[in-house]
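So the structure is just underneath, and the comments pick up after that.
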Amino acid sequence: MERARVALAQVRDALRFARATLAAAAFDRFLWRLAWRNVWRNPRRTGIVVTAVAVGIAGVILSMAINFGMVLQMVETAISTELGHVQVRARGFRDDPGLGLRLDDGGRAGAAILESLPQVEAWAPRIHSQGLLSSTRASAGVRVLAIDPPRESGITSLAGSITEGAYLDGDARRILVGEALAERLHVGVGGKLVLSASDANGDLAAEAFRVAGLFRTASLELDRTTVYLRLPEAQELLALGDAVSELVAVTERREAIPAVREALATRLVGDVEVSTWRELAPLLVYMVDSFEQMAWIVYAAVFIAMAFGIANVLLMAVFERTREIGVVRSIGMSAPRVVAAVVLESLCLTLFGLLVGFALAVGLVFSLRDGIDLTAFARGLNALGVGTTVVPIVRAQDFTTPTVVATVTAILSSLWPALRAARALPARALRHV
Amino acid sequence: MGLELRLAWRNVWRNARRTWLTVAATVFAVVLVVFFVAMAAGIHEKMIEDSVRVASGHVTLAGEGYFANRTLEQFVTLDAGLQHTLDAAPGVRGWAPRLVGFGLVSKETDAQGVAVLGVDPAREASVTTLARRVERGVFVSEDAPKGIVLGERLARNLGAELGDELLLYSEAYSLETAYDLFTVVGVMKLPEPSLDRSLALVTLADAQAFFVYGERVSEVALLADDADAADQVAAGLRGALPGAEAVEVQTWAELMPELVQFIILDDAGMYVLLVILVIVVAFGILNTILMSVLERTRELGVLLALGLRPGAVFRLVYLESLLLAGLGLAIGLATSIPLVLWFQAHPVELSNELAGAMELIGAEPVITWKLKPWNPLGSVLTILGVAALAALYPAVKASRGRPVDALRSL
Amino acid sequence: MAILEAHAVSKVYETRGVATRALDRVDLTLEEGEFTVLHGPSGCGKTTLLNLLGALDDPSEGRVTLDGRDLAECSAAERSELRLHKLGFVFQAYNLIPVFTARENVEFVMELQGVPSAERKARTDAILAEVGLAELAEKRPLEMSGGQQQRVAVARAIVGRPELVLADEPTANLDSATAGQLLDLMEELNREHGVTFLFSTHDPLVIGKARRRVRLRDGRVESDGPGA
């Protein structure tokens with residue numbers, strides 16, 4: 001009982017002490033001034049700590065910016081090579097993407113709604129199917145995407161990815177093949193390919209096509225597996241009549257996606273499902289969303305490493321100033337104020353390094369604004385859905401996260417030196433010269 | 001030397017608090033570096049093994065031109081001589097002949113383009129893990145002819161269940177149309193989504209009959225001790241094969257350059273962060289050594305005045321920083337190596353949303369660790385190197401001082 | 001009225017198990033307006049006594065009361081407050097915060113006391129003029145001579161309007177001319193503003209100016225009587 005009361009009193013005292021420290025740190029202009037000037041008493045030592053903090057911060061910001069640039073490109077690639085922002089499909093299509101689930105009205109109901117929405121920038125119909133593509137030399141299983149070429153250009157960058165030949169235009173029975181696939185099938189532009197597929201009735205259908213053009217996107221997977229036909233020819237080959245597999249829409253801004261989705265979902269009737277790119281690319285969404293957590297961990301690791309150095313410097317500073325602390329204690333500076341002065345010194349030191357680091361990072365990112373050429377890793381990047389040029393992207397979080405972590409680090413690493421400084425009894429400190 | 005070392009060691013402990021703080025920072029960095037490098041090595045090795053053991057092994061042997069063309073026109077004849085060579089090749093843990101063709105598989109209104117893989121069920125198990133990946137039903141076997149095993153996504157896309165009859169349609173080696181009915185005997189779950197969507201397994205004998213291929217095979221998949229040994233096995237095999245044979249040998253790294261590049265990129269991102277960490281710690285060492293040198297200006301001046309050569313002072317300061325870094329390294333390794341070995345024995349199964357995301361791309365939601373010898377070795381060399389660099393300035397400063405100035409200061 | 005009273009205070013230091021009695025049952029009472037010196041040979045306990053009187057250290061036995069309050073019953077925070085409002089200190093050397101200018105060093109005490117900024121400025125100007133350093137207000141300690149630094153220390157000690165200024169060997173590091181000027185300044189402050197001073201010193205100049213002299217020897221009061 002007695003011990004509990006003593007413990008309670010100690011806790012109360014500690015809280016009172018902390019409150020007084022906080023008040024002094026927050027409201028005392030003099031303490032800030034004292035802290036800032038103390039930081040510069042040993043410019044060499046301060047310079048080393050500031051350099052460490054600045055180099056660490058700038059390095060982490062830059063590498064996180066490059067990473068985020070890659071992740072964002074993966075999202076852009078996924079959206080601009082296929083997904084678009086919003087998709088309208090028959091219910092269950094995502095789990096069973098066959099010809100059995102289709103929009104029998106040719107997507108007209110959805111198209112009418114999309115046309116009426118001002119946020120929608122473009123929309124296009126598509127058919128998804130599978131087939132066997134054979135040249136005279138080899139065959140390969142392929143994913144067949146039938147498109148409306150002019151409309152598709154509003155959604156994906158396919159037209160811009162043509163490296164040889166031309167996009168689908170007037171000529172009948174033309175097909176677009178990825179460079180990687182064409183190489184495997186040993187065909188070039190103008191070459192003949194036979195596409196076999198089973199049609200909507202389950203009968204085997206085959207048709208000869210000529211290669212209109214070869215494409216190369218940032219996705220190796222797509223280049224290897226996907227071919228593009230014109231919509232009416234696919235509908236004929238697959239005995240689909242008017243039907244399409246999906247409508248894909250792109251909005252002007254990503255923020256408009258939920259509204260468009262909502263409008264479609266409420267106004268469309270029948271067995272229809274409206275989805276967004278986030279549902280179709282969960283891994284990418286996870287990568288974007290988890291990026292924040294990763295940043296916290298990385299900053300924490302780097303700052304823990306810095307904390308030892310900061311604590312070390314402050315401890316040295318406190319020992320050097322033992323007598324001075326004794327003097328200010330004896331003229332009536334309270335212990336919480338002494339603690340506050342050391343904590344503020346730590347904050348000045350760390351946050352100054354942080355600012356230098358920010359400046360350095362901004363300079364580095366600015367000088368790399370045209371992107372970093374990673375052509376040497378083209379295949380690895382393309383397998384990830386990233387182009388060969390990566391542009392580092394910094395966001396507000398890249399500055400707020402390290403600021404928070406740096407502040408916490410500065411405070412925590414200064415506590416030991418600060419409490420040591422405050423514990424020094426004035427009488428004993430004065431004897432120390 | 002003995003005396004110098006003793007002096008350096010005592011100097012290190014003159015300010016024990018400062019030394020421990022610096023050592024703690026070094027230990028932190030060593031543990032982080034060893035831990036994360038081992039984690040990346042473990043994850044990457046698992047990626048390679050997962051890919052290799054559902055694809056064509058660590059090393060693949062095929063007919064000349066097969067790797068560039070991958071058609072039925074390039075083949076290997078598995079005669080007694082070749083079989084003997086494969087059995088005798090050093091470092092080969094197993095080998096399996098396979099026939100790789102392409103076709104269209106259909107069930108009612110759904111049809112899917114597939115890669116038809118003909119395998120020798122007994123031999124296949126010695127190289128790949130395909131048989132173990134069967135989730136429902138059984139693996140193909142010679143006892144049940146005309147059986148077919150599908151990737152899970154492929155089965156779903158086709159709407160195919162166990163026991164369903166599927167029509168396989170393709171072009172035979174003879175250039176005639178080939179079609180036949182196969183019965184679904186199993187469904188397997190493959191890590192790579194594009195494989196899961198497109199792989200259909202039949203027995204080698206059925207495939208040879210279907211494609212009218214005789215005794216030929218497309219490739220022979222070989223298993224080495226591990227991914228790192230693939231180059232050696234491939235080289236040995238190339239040397240052992242008589243020149244007359246029109247065959248080619250490639251390793252997994254040559255066949256999957258994107259995987260190799262992905263690993264390099266992934267490693268690069270991590271190493272950048274670890275290097276930043278080490279640099280931060282190096283600044284800490286620099287500060288500690290510099291402070292201790294500046295505090296001792298007078299003392300070092302006395303040593304110089306007594307006739308100690310500047311080189312000896314330089315060496316003394318250098319020795320102190322290496323002792324400081326070495327102490328951190330020793331404790332860091334003593335902590336991190338058991339830690340990593342423990343994790344190596346106890347892989348961490350993820351259970352959060354990351355697990356869900358990983359399962360979507362077919363990766364097992366497990367994080368593994370692998371301590372390779374160059375990991376601690378590289379950490380030691382890096383940190384010692386960085387410490388040596390950091391000590392340069394204080395050491396030069398200490399040895400350059402003129403005794404008079406040093407004695408006057410303080 | 002007594003400002004400060006020490007009743008039978010003793011102080012025992014223990015180093016490596018050996019106890020040293022630095023003060024032995026000392027009684028001392030200080031009245032308002034005094035100009036008193038504690039003197040005696042080195043190691044007689046001057047500084048120890050001054051530390052006890054200034055609430056910088058605790059006696060092993062006995063009691064010190066400041067304005068009627070027993071220091072032993074004060075918490076650390078309350079002692080800080082007492083020192084801040086009732087006491088001023090001048091030390092032998094290294095008195096000032098090196099990163100602050102003369103003005104800031106003086107202002108700092110009032111800042112701690114919570115004096116409003118306009119008043120702070122006016123009082124700083126006045127006190128710096130009084131100690132004859134108006135033109136050095138923006139200089140830092142390292143840019144000033146030892147005598148100038150001690151004048152700033154005196155200014156800082158009295159600017160918070162303490163009841164008592166404790167000065168521990170304030171002239172020890174000064175030449176005799178400078179020491180004389182500093183002493184004149186303090187005497188003037190004592191005379192004109194009624195600031196009470198207690199010195200510990202072995203400087204004959206200081207001892208000569210004191211109006212009351214307390215001599216310590218081996219931790220005891222040897223004599224206590226009026227000075228010049």
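To be explicit about the labels: the chains of the structure tokens are called A, B, and onward in the order shown, and within each one the residues are counted from 1, while ligands get numbers from 1 in the order they are shown.
Near chain C, counting only C-alpha atoms at 8 Å, the chain A residues are Phe30, Leu34, Arg37, Asn38, Arg41, Arg323, Glu324, Val327, Arg329, Ser330, Ile331, Gly332, Met333, Ser334, Ala335, Leu425, Pro426 and Ala427 of chain A.
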Just the selected residues (C-alpha atoms), exported as an mmCIF file, in the first residue's frame, please.
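What ended up in again16.cif:
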data_model
loop_
_atom_site.group_PDB
_atom_site.id
_atom_site.type_symbol
_atom_site.label_atom_id
_atom_site.label_comp_id
_atom_site.auth_asym_id
_atom_site.auth_seq_id
_atom_site.Cartn_x
_atom_site.Cartn_y
_atom_site.Cartn_z
ATOM 1 C CA PHE A 30 15.000 32.011 -25.287
ATOM 2 C CA LEU A 34 19.958 28.918 -26.759
ATOM 3 C CA ARG A 37 23.333 28.625 -30.889
ATOM 4 C CA ASN A 38 24.539 25.619 -28.909
ATOM 5 C CA ARG A 41 29.290 25.746 -30.937
ATOM 6 C CA ARG A 323 29.748 23.661 -15.437
ATOM 7 C CA GLU A 324 27.659 25.913 -17.609
ATOM 8 C CA VAL A 327 25.563 28.018 -13.491
ATOM 9 C CA ARG A 329 20.697 25.846 -12.670
ATOM 10 C CA SER A 330 21.962 28.003 -9.816
ATOM 11 C CA ILE A 331 20.500 31.176 -11.267
ATOM 12 C CA GLY A 332 17.134 29.497 -11.175
ATOM 13 C CA MET A 333 16.708 27.588 -14.416
ATOM 14 C CA SER A 334 14.560 24.640 -13.418
ATOM 15 C CA ALA A 335 15.393 21.033 -14.296
ATOM 16 C CA LEU A 425 23.218 18.789 -9.107
ATOM 17 C CA PRO A 426 24.170 22.438 -9.394
ATOM 18 C CA ALA A 427 26.677 22.250 -6.553
#
With only C-alpha atoms as the counted atoms, please give the residues lying no more than 8 Å from region 348-352 of chain B, apart from itself and same-chain residues fewer than 2 positions off, as a PyMOL selection string.
chain B and resi 343+346+354-356+365-368
Enumerate, as a ChimeraX atom specification, the complete set of residues in chain C that a backbone-based DSSP assignment places in alpha helix (DSSP H).
/C:46-53,76-86,102-113,117-130,146-159,176-193,204-209
Ile279 (chain B) surroundings by only C-alpha atoms, 12 Å radius, close-in-sequence under 6 positions cut, as a PyMOL selection string:
(chain A and resi 48-49+51-57+59-60+302+305-306+309) or (chain B and resi 25-26+29+271-273+285-286+382-387+389-390)
Between B:Asn15, B:Thr77, B:Asn375, B:Ser321, which one has atoms that come closest to Leu99 (chain B), using only C-alpha atoms?
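Closest candidate: B:Thr77.
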Distance query Phe366 (chain A) at most 12 Å, only C-alpha atoms, self and fewer than 4 positions along chain excluded, as a list in words:
Leu62, Ala65, Phe358, Ala359, Leu360, Ala361, Val362, Asp370, Gly371, Ile372, Val391, Pro392, Ile393 and Val394 of chain A
Could I get the residues of chain A with an atom no further than 7 Å from an atom of chain B, each paired with its nearest atom pair and that distance in Å to one decimal, using only C-alpha atoms, sorted by chain and residue number, as a Markdown table?
| residue | atom | partner | partner_atom | distance |
| --- | --- | --- | --- | --- |
| A:Arg45 | CA | B:Asn287 | CA | 6.4 |
| A:Ile48 | CA | B:Phe283 | CA | 6.5 |
| A:Ala52 | CA | B:Val280 | CA | 5.2 |
| A:Gly56 | CA | B:Ile276 | CA | 5.6 |
| A:Gly59 | CA | B:Ile276 | CA | 6.5 |
| A:Val60 | CA | B:Leu273 | CA | 6.6 |
| A:Asp96 | CA | B:Asn157 | CA | 5.2 |
| A:Pro97 | CA | B:Asn157 | CA | 6.2 |
| A:Gly98 | CA | B:Asp110 | CA | 5.9 |
| A:Leu99 | CA | B:Asp110 | CA | 6.7 |
| A:Gly100 | CA | B:Thr109 | CA | 6.9 |
| A:Gln130 | CA | B:Gln112 | CA | 4.9 |
| A:Gly131 | CA | B:Gly113 | CA | 4.9 |
| A:Leu132 | CA | B:Gly113 | CA | 5.0 |
| A:Ala138 | CA | B:Thr71 | CA | 5.4 |
| A:Ser139 | CA | B:Phe102 | CA | 6.0 |
| A:Ala140 | CA | B:Phe102 | CA | 5.5 |
| A:Gly141 | CA | B:Gly113 | CA | 3.7 |
| A:Val142 | CA | B:Gly113 | CA | 5.7 |
| A:Arg184 | CA | B:Asn69 | CA | 5.9 |
| A:Ala197 | CA | B:Ala111 | CA | 6.3 |
| A:Ser198 | CA | B:Ala111 | CA | 5.2 |
| A:Asp199 | CA | B:Thr109 | CA | 6.2 |
| A:Ala200 | CA | B:Thr109 | CA | 5.2 |
| A:Asn201 | CA | B:Thr109 | CA | 5.3 |
| A:Gly202 | CA | B:Thr109 | CA | 3.6 |
| A:Pro282 | CA | B:Ala357 | CA | 6.5 |
| A:Leu283 | CA | B:Ala357 | CA | 5.1 |
| A:Tyr286 | CA | B:Ala357 | CA | 6.9 |
| A:Val302 | CA | B:Leu277 | CA | 5.6 |
| A:Ala305 | CA | B:Ala25 | CA | 5.5 |
| A:Met306 | CA | B:Val280 | CA | 6.3 |
| A:Phe308 | CA | B:Ala25 | CA | 5.7 |
| A:Gly309 | CA | B:Gly284 | CA | 5.0 |
| A:Asn312 | CA | B:Arg18 | CA | 6.0 |
| A:Phe377 | CA | B:Gln261 | CA | 5.8 |
| A:Arg379 | CA | B:Glu258 | CA | 4.9 |
| A:Gly380 | CA | B:Glu258 | CA | 4.1 |
| A:Leu381 | CA | B:Phe262 | CA | 6.9 |
| A:Ala383 | CA | B:Glu258 | CA | 6.3 |
Can you pull out every residue within 7 Å of region 66-73 of chain C, counting only C-alpha atoms, but drop anything in the same chain fewer than 6 positions away, and send it as number ranges by chain?
C: 3-5, 55
I need the residues from that last selection saved to file as an mmCIF file, in the first residue's frame (with N, CA and C atoms), if you can.
data_model
loop_
_atom_site.group_PDB
_atom_site.id
_atom_site.type_symbol
_atom_site.label_atom_id
_atom_site.label_comp_id
_atom_site.auth_asym_id
_atom_site.auth_seq_id
_atom_site.Cartn_x
_atom_site.Cartn_y
_atom_site.Cartn_z
ATOM 1 N N ILE C 3 16.909 37.508 6.506
ATOM 2 C CA ILE C 3 16.549 36.920 5.213
ATOM 3 C C ILE C 3 16.882 35.442 5.234
ATOM 4 N N LEU C 4 18.102 35.169 5.731
ATOM 5 C CA LEU C 4 18.641 33.828 5.621
ATOM 6 C C LEU C 4 19.169 33.415 6.978
ATOM 7 N N GLU C 5 18.812 32.204 7.371
ATOM 8 C CA GLU C 5 19.327 31.703 8.637
ATOM 9 C C GLU C 5 19.838 30.283 8.468
ATOM 10 N N ALA C 55 20.860 27.063 -1.650
ATOM 11 C CA ALA C 55 19.962 25.968 -2.016
ATOM 12 C C ALA C 55 20.503 25.153 -3.175
#
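The space separating CA of Ala102 (chain C) from CA of Thr171 (chain C) comes to 18.9 Å.
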Quick one: distance from CA of Val248 (chain A) to CA of Arg126 (chain A) in Å, one decimal?
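If I compute the distance from CA of Val248 (chain A) to CA of Arg126 (chain A), I get 7.7 Å.
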What's around Leu86 (chain B) at 9 Å? Count only C-alpha atoms, leave out sequence neighbours fewer than 5 positions away in its own chain, and write the answer as a ChimeraX atom specification.
/B:81,92,94-95,222,237
For the residues selected in the previous step, produce a file with N, CA and C atoms as a tab-separated table (two decimals), in the first residue's frame.
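Output file part_23.tsv follows:
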chain	number	residue	atom	x	y	z
B	81	GLY	N	22.76	-43.86	-75.74
B	81	GLY	CA	23.98	-43.07	-75.51
B	81	GLY	C	23.68	-41.81	-74.72
B	92	VAL	N	23.97	-33.84	-61.51
B	92	VAL	CA	22.58	-33.92	-61.97
B	92	VAL	C	21.80	-34.79	-61.00
B	94	GLY	N	18.48	-35.30	-61.22
B	94	GLY	CA	17.40	-36.00	-61.90
B	94	GLY	C	17.19	-35.42	-63.27
B	95	TRP	N	16.62	-36.19	-64.18
B	95	TRP	CA	16.31	-35.65	-65.51
B	95	TRP	C	15.00	-36.25	-66.01
B	222	LEU	N	16.62	-30.94	-66.47
B	222	LEU	CA	17.54	-31.51	-65.48
B	222	LEU	C	17.47	-30.71	-64.19
B	237	LEU	N	27.81	-30.79	-68.93
B	237	LEU	CA	26.99	-31.50	-69.92
B	237	LEU	C	27.46	-31.17	-71.34
